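Note sheet for the following structure.
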Amino acid sequence: MSDVAAVEQFVKKYKALKSEVAKVIVGQDEVVNQILISIFSGGHSLLVGVPGLAKTLMVNTIAQALGLDFKRIQFTPDLMPSDILGSEILDENRHFKFIKGPIFANIILADEINRTPPKTQAALLEAMQERAVTVAGHHYKLSLPYFVLATQNPIEQEGTYPLPEAQLDRFMFAINLKYPSFNEEVEVVKATTSDNKPQVNALFTAEEIIKFQSVIRRIPVADNVIEYAVGMVAKTRPNESTASELVKEFVDWGAGPRASQNLILAAKTHAAIQGKFSPDIENVQAVANGILRHRIIKNYKAEAEGITDERIIESLF
């Protein structure tokens with residue numbers, strides 16, 4: 001199948017996937033879009049939202065619709081790396097046998113990732129970056145596609161360990177979940193207080209997802225679009241001559257080269273969803289908020305004056 005035909009097939013399957021997810025998830029269209037863009041670009045996402053916004057249900061529904069194996073890890077202050085990766089035990093023949101941990105699945109939901117100490121947070125890093133884990137000197141490959149979706153609760157900061165910037169950078173998107181609108185909340189209450197259980201069908205196989213990820217990577221990008229993305233990321237760095245006044249005044253640290261790579265990859269997927277065979281500047285701008293939000297470190301002055309990430313990012317367009 002040619003890449004053009006593959007993109008056309010992808011558009012049809014993506015629409016079907018969205019309506020399958022919508023059977024269970026009311027609204028949250030932009031959030032679902034960003035999660036799916038992240039999956040088809042081969043990235044990971046960080047979901048930031050208050051409790052009770054159906055983060056776990058959303059990830060579970062997406063995993064079902066994609067036909068992928070899904071595991072949820074609840075991060076707690078006493079969670080050990082071996083609880084995630086697995087450990088070696090002595091079997092009845094006195095041989096060491098490796099028991100796989102929950103990290104061995106296609107989609108991992110790392111629930112409340114900031115509840116656990118850095119040592120355990122770091123256990124996820126190798127898996128996210130290398131798609132492999134090392135336990136007791138043995139190297140184990142993870143099955144593809146592999147996708148980590150971490151959630152963070154922005155209000156209960158008692159006993160939490162904020163993710164270091166280097167680890168935040170591993171996430172392609174940081175997605176803010178907002179409260180549903182009045183009408184959406186009415187729909188949610190109607191749907192969840194009856195005995196109606198919608199059936200979510202698996203529309204993809206792991207092989208198909210890997211195929212579409214490869215097709216998206218092969219999408220050509222014009223040089224001016226790549227230069228625009230790299231220029232936008234450079235503008236987030238307060239020491240650069242191109243930085244906007246807003247960045248110079250309110251930002252301590254800007255985004256690194258991983259942001260530029262992710263902007264182009266996500267723009268390719270965003271273009272493919274719309275049936276376009278090459279992304280343009282509009283596609284880069286459409287994904288910029290989710291990709292740059294967690295990579296721009298604001299200073300105390302920005303916090304004091306209530307300058308939002310969105311306002312800083314829009315000043316870069």
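By convention in this document, the chains of the structure tokens carry letters A, B, ... by their order, each chain's residues are numbered from 1, and ligands are numbered from 1 in the order they are shown.
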
Per-residue nearest contacts segment 66-90 of chain A to segment 102-120 of chain A, cut-off 6 Å, using only C-alpha atoms, as a Markdown table:
| residue | atom | partner | partner_atom | distance |
| --- | --- | --- | --- | --- |
| A:Leu68 | CA | A:Asn106 | CA | 6.0 |
| A:Asp69 | CA | A:Asn106 | CA | 5.2 |
| A:Phe70 | CA | A:Ile107 | CA | 4.8 |
| A:Lys71 | CA | A:Ile108 | CA | 5.2 |
| A:Arg72 | CA | A:Leu109 | CA | 4.6 |
| A:Ile73 | CA | A:Ala110 | CA | 5.1 |
| A:Gln74 | CA | A:Asp111 | CA | 4.9 |
| A:Phe75 | CA | A:Ile113 | CA | 5.6 |
| A:Thr76 | CA | A:Thr116 | CA | 5.1 |
| A:Pro77 | CA | A:Thr116 | CA | 4.5 |
| A:Met80 | CA | A:Thr120 | CA | 5.8 |
| A:Pro81 | CA | A:Thr120 | CA | 4.8 |
| A:Ile84 | CA | A:Pro102 | CA | 5.7 |
| A:Leu85 | CA | A:Ile103 | CA | 5.8 |

Mind checking which residues fall within 8 Å of Leu144 of chain A, counting only C-alpha atoms, ignoring those fewer than 5 positions away in the same chain, and posting them as a list in words? Asn106, Arg131, Ala206 and Ile210 of chain A

Requested write-out: N, CA and C atoms of the selected residues, as a PDB file, in the first residue's frame:
ATOM      1  N   ASN A 106       1.361  -2.648  26.685  1.00  0.00           N
ATOM      2  CA  ASN A 106       1.497  -1.646  25.611  1.00  0.00           C
ATOM      3  C   ASN A 106       1.223  -0.234  26.103  1.00  0.00           C
ATOM      4  N   ARG A 131      12.548   1.869  25.506  1.00  0.00           N
ATOM      5  CA  ARG A 131      11.574   0.783  25.268  1.00  0.00           C
ATOM      6  C   ARG A 131      12.159  -0.563  25.718  1.00  0.00           C
ATOM      7  N   ALA A 206      -1.909  -4.151  17.227  1.00  0.00           N
ATOM      8  CA  ALA A 206      -0.595  -3.546  17.529  1.00  0.00           C
ATOM      9  C   ALA A 206       0.197  -3.318  16.232  1.00  0.00           C
ATOM     10  N   ILE A 210       1.769   0.239  14.668  1.00  0.00           N
ATOM     11  CA  ILE A 210       3.197   0.397  14.319  1.00  0.00           C
ATOM     12  C   ILE A 210       3.327   0.820  12.851  1.00  0.00           C
TER      13      ILE A 210
END

Who sits within 7 Å of segment 275-285 of chain A, only C-alpha atoms, same chain under 6 positions skipped, as a ChimeraX atom specification: /A:7-8,11,219-221,225,229,263-264,267-268

Would you save the residues of that selection, restricted to C-alpha atoms, as a PDB file, in the first residue's frame?
ATOM      1  CA  VAL A   7      -2.846   8.225   5.124  1.00  0.00           C
ATOM      2  CA  GLU A   8      -6.362   8.029   3.615  1.00  0.00           C
ATOM      3  CA  VAL A  11      -8.116   9.287   8.408  1.00  0.00           C
ATOM      4  CA  ILE A 219       5.530  12.191   5.834  1.00  0.00           C
ATOM      5  CA  PRO A 220       7.721  14.881   4.214  1.00  0.00           C
ATOM      6  CA  VAL A 221       8.050  18.304   5.862  1.00  0.00           C
ATOM      7  CA  VAL A 225       8.057  24.462   8.529  1.00  0.00           C
ATOM      8  CA  ALA A 229       9.329  24.996  14.665  1.00  0.00           C
ATOM      9  CA  LEU A 263       6.681  19.707  17.425  1.00  0.00           C
ATOM     10  CA  ILE A 264       7.458  18.296  13.976  1.00  0.00           C
ATOM     11  CA  ALA A 267       2.502  18.301  13.451  1.00  0.00           C
ATOM     12  CA  LYS A 268       2.917  15.366  11.026  1.00  0.00           C
TER      13      LYS A 268
END

When DSSP works through the backbone of this structure, what residues of segment 138-215 of chain A end up as strand (DSSP E or B), shown as a list in words?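 Answer for segment 138-215 of chain A, restricted to strand (DSSP E or B): His138, His139, Tyr140, Lys141, Phe147, Val148, Leu149, Ala150, Thr151, Gln152, Phe173, Ala174, Ile175 and Asn176 of chain A.
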
Write the residues of the selection above to a file with N, CA and C atoms, as a PDB file, in the first residue's frame.
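out_37.pdb, written as the output of this step:
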ATOM      1  N   HIS A 138      20.014  -8.166  33.524  1.00  0.00           N
ATOM      2  CA  HIS A 138      19.408  -8.705  32.297  1.00  0.00           C
ATOM      3  C   HIS A 138      18.588  -7.616  31.610  1.00  0.00           C
ATOM      4  N   HIS A 139      18.680  -7.602  30.278  1.00  0.00           N
ATOM      5  CA  HIS A 139      18.022  -6.582  29.462  1.00  0.00           C
ATOM      6  C   HIS A 139      16.749  -7.183  28.873  1.00  0.00           C
ATOM      7  N   TYR A 140      15.615  -6.565  29.117  1.00  0.00           N
ATOM      8  CA  TYR A 140      14.344  -7.085  28.582  1.00  0.00           C
ATOM      9  C   TYR A 140      13.710  -6.036  27.668  1.00  0.00           C
ATOM     10  N   LYS A 141      13.403  -6.427  26.442  1.00  0.00           N
ATOM     11  CA  LYS A 141      12.729  -5.528  25.493  1.00  0.00           C
ATOM     12  C   LYS A 141      11.240  -5.475  25.816  1.00  0.00           C
ATOM     13  N   PHE A 147       3.594   2.937  25.293  1.00  0.00           N
ATOM     14  CA  PHE A 147       3.130   4.285  25.557  1.00  0.00           C
ATOM     15  C   PHE A 147       2.867   4.469  27.051  1.00  0.00           C
ATOM     16  N   VAL A 148       3.491   5.496  27.654  1.00  0.00           N
ATOM     17  CA  VAL A 148       3.273   5.780  29.085  1.00  0.00           C
ATOM     18  C   VAL A 148       2.394   7.026  29.199  1.00  0.00           C
ATOM     19  N   LEU A 149       1.315   6.883  29.958  1.00  0.00           N
ATOM     20  CA  LEU A 149       0.446   8.018  30.233  1.00  0.00           C
ATOM     21  C   LEU A 149       0.476   8.241  31.732  1.00  0.00           C
ATOM     22  N   ALA A 150       1.087   9.318  32.160  1.00  0.00           N
ATOM     23  CA  ALA A 150       1.202   9.577  33.601  1.00  0.00           C
ATOM     24  C   ALA A 150       0.174  10.629  33.994  1.00  0.00           C
ATOM     25  N   THR A 151      -0.370  10.513  35.207  1.00  0.00           N
ATOM     26  CA  THR A 151      -1.286  11.555  35.674  1.00  0.00           C
ATOM     27  C   THR A 151      -0.672  12.244  36.887  1.00  0.00           C
ATOM     28  N   GLN A 152      -1.020  13.512  37.017  1.00  0.00           N
ATOM     29  CA  GLN A 152      -0.516  14.304  38.128  1.00  0.00           C
ATOM     30  C   GLN A 152      -1.687  15.109  38.687  1.00  0.00           C
ATOM     31  N   PHE A 173       3.650  15.373  25.354  1.00  0.00           N
ATOM     32  CA  PHE A 173       2.598  16.339  25.669  1.00  0.00           C
ATOM     33  C   PHE A 173       2.388  16.448  27.173  1.00  0.00           C
ATOM     34  N   ALA A 174       2.091  17.658  27.648  1.00  0.00           N
ATOM     35  CA  ALA A 174       1.497  17.830  28.979  1.00  0.00           C
ATOM     36  C   ALA A 174       0.091  18.333  28.700  1.00  0.00           C
ATOM     37  N   ILE A 175      -0.902  17.585  29.145  1.00  0.00           N
ATOM     38  CA  ILE A 175      -2.294  17.873  28.783  1.00  0.00           C
ATOM     39  C   ILE A 175      -3.051  18.294  30.029  1.00  0.00           C
ATOM     40  N   ASN A 176      -3.642  19.483  29.996  1.00  0.00           N
ATOM     41  CA  ASN A 176      -4.435  19.966  31.133  1.00  0.00           C
ATOM     42  C   ASN A 176      -5.887  19.544  30.968  1.00  0.00           C
TER      43      ASN A 176
END

Can you list, as a PyMOL selection string, every protein, DNA or RNA residue that comes within 10 Å of Val24 of chain A when you count only C-alpha atoms, leaving out same-chain residues fewer than 2 positions away? chain A and resi 19-22+26-27+57-58+61-62+188+191-192+197-200

List every residue of segment 80-294 of chain A that DSSP, applied to the backbone, labels as alpha helix (DSSP H), and write the result as a PyMOL selection string. chain A and resi 81-85+118-130+165-168+182-192+206-218+223-234+245-250+257-273+281-292

Shell around Val215 of chain A at 10 Å using only C-alpha atoms, local window under 4 positions removed, as a short mmCIF file (atom, residue, chain, number, x, y, z; two decimals) with N, CA and C atoms, in the first residue's frame:
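Output file result-v9.cif is given in full below:
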data_model
loop_
_atom_site.label_atom_id
_atom_site.label_comp_id
_atom_site.auth_asym_id
_atom_site.auth_seq_id
_atom_site.Cartn_x
_atom_site.Cartn_y
_atom_site.Cartn_z
N SER A 2 0.54 2.23 -0.88
CA SER A 2 1.34 3.46 -0.93
C SER A 2 1.08 4.28 0.33
N ASP A 3 1.99 5.22 0.60
CA ASP A 3 1.83 6.07 1.78
C ASP A 3 0.59 6.95 1.66
N VAL A 4 0.26 7.38 0.44
CA VAL A 4 -0.93 8.22 0.23
C VAL A 4 -2.18 7.43 0.63
N ALA A 6 -2.25 4.89 2.59
CA ALA A 6 -2.17 4.61 4.04
C ALA A 6 -2.69 5.80 4.84
N VAL A 7 -2.36 7.02 4.41
CA VAL A 7 -2.85 8.22 5.12
C VAL A 7 -4.37 8.30 5.00
N PHE A 10 -5.82 5.89 7.31
CA PHE A 10 -5.61 6.38 8.67
C PHE A 10 -6.71 7.37 9.06
N PHE A 40 0.19 7.97 18.12
CA PHE A 40 0.58 7.72 16.72
C PHE A 40 1.90 8.38 16.36
N ILE A 209 -0.96 -0.23 14.33
CA ILE A 209 -0.53 1.02 14.97
C ILE A 209 0.94 1.29 14.61
N ILE A 210 1.77 0.24 14.67
CA ILE A 210 3.20 0.40 14.32
C ILE A 210 3.33 0.82 12.85
N LYS A 211 2.47 0.24 11.99
CA LYS A 211 2.50 0.58 10.55
C LYS A 211 2.17 2.07 10.37
N ILE A 219 6.17 11.00 6.43
CA ILE A 219 5.53 12.19 5.83
C ILE A 219 6.59 13.28 5.65
N LYS A 268 3.14 16.38 12.08
CA LYS A 268 2.92 15.37 11.03
C LYS A 268 1.64 14.58 11.30
N THR A 269 1.48 14.13 12.56
CA THR A 269 0.29 13.35 12.92
C THR A 269 -0.95 14.21 12.81
N ALA A 272 -1.83 14.45 9.25
CA ALA A 272 -2.35 13.17 8.72
C ALA A 272 -3.81 12.96 9.12
#
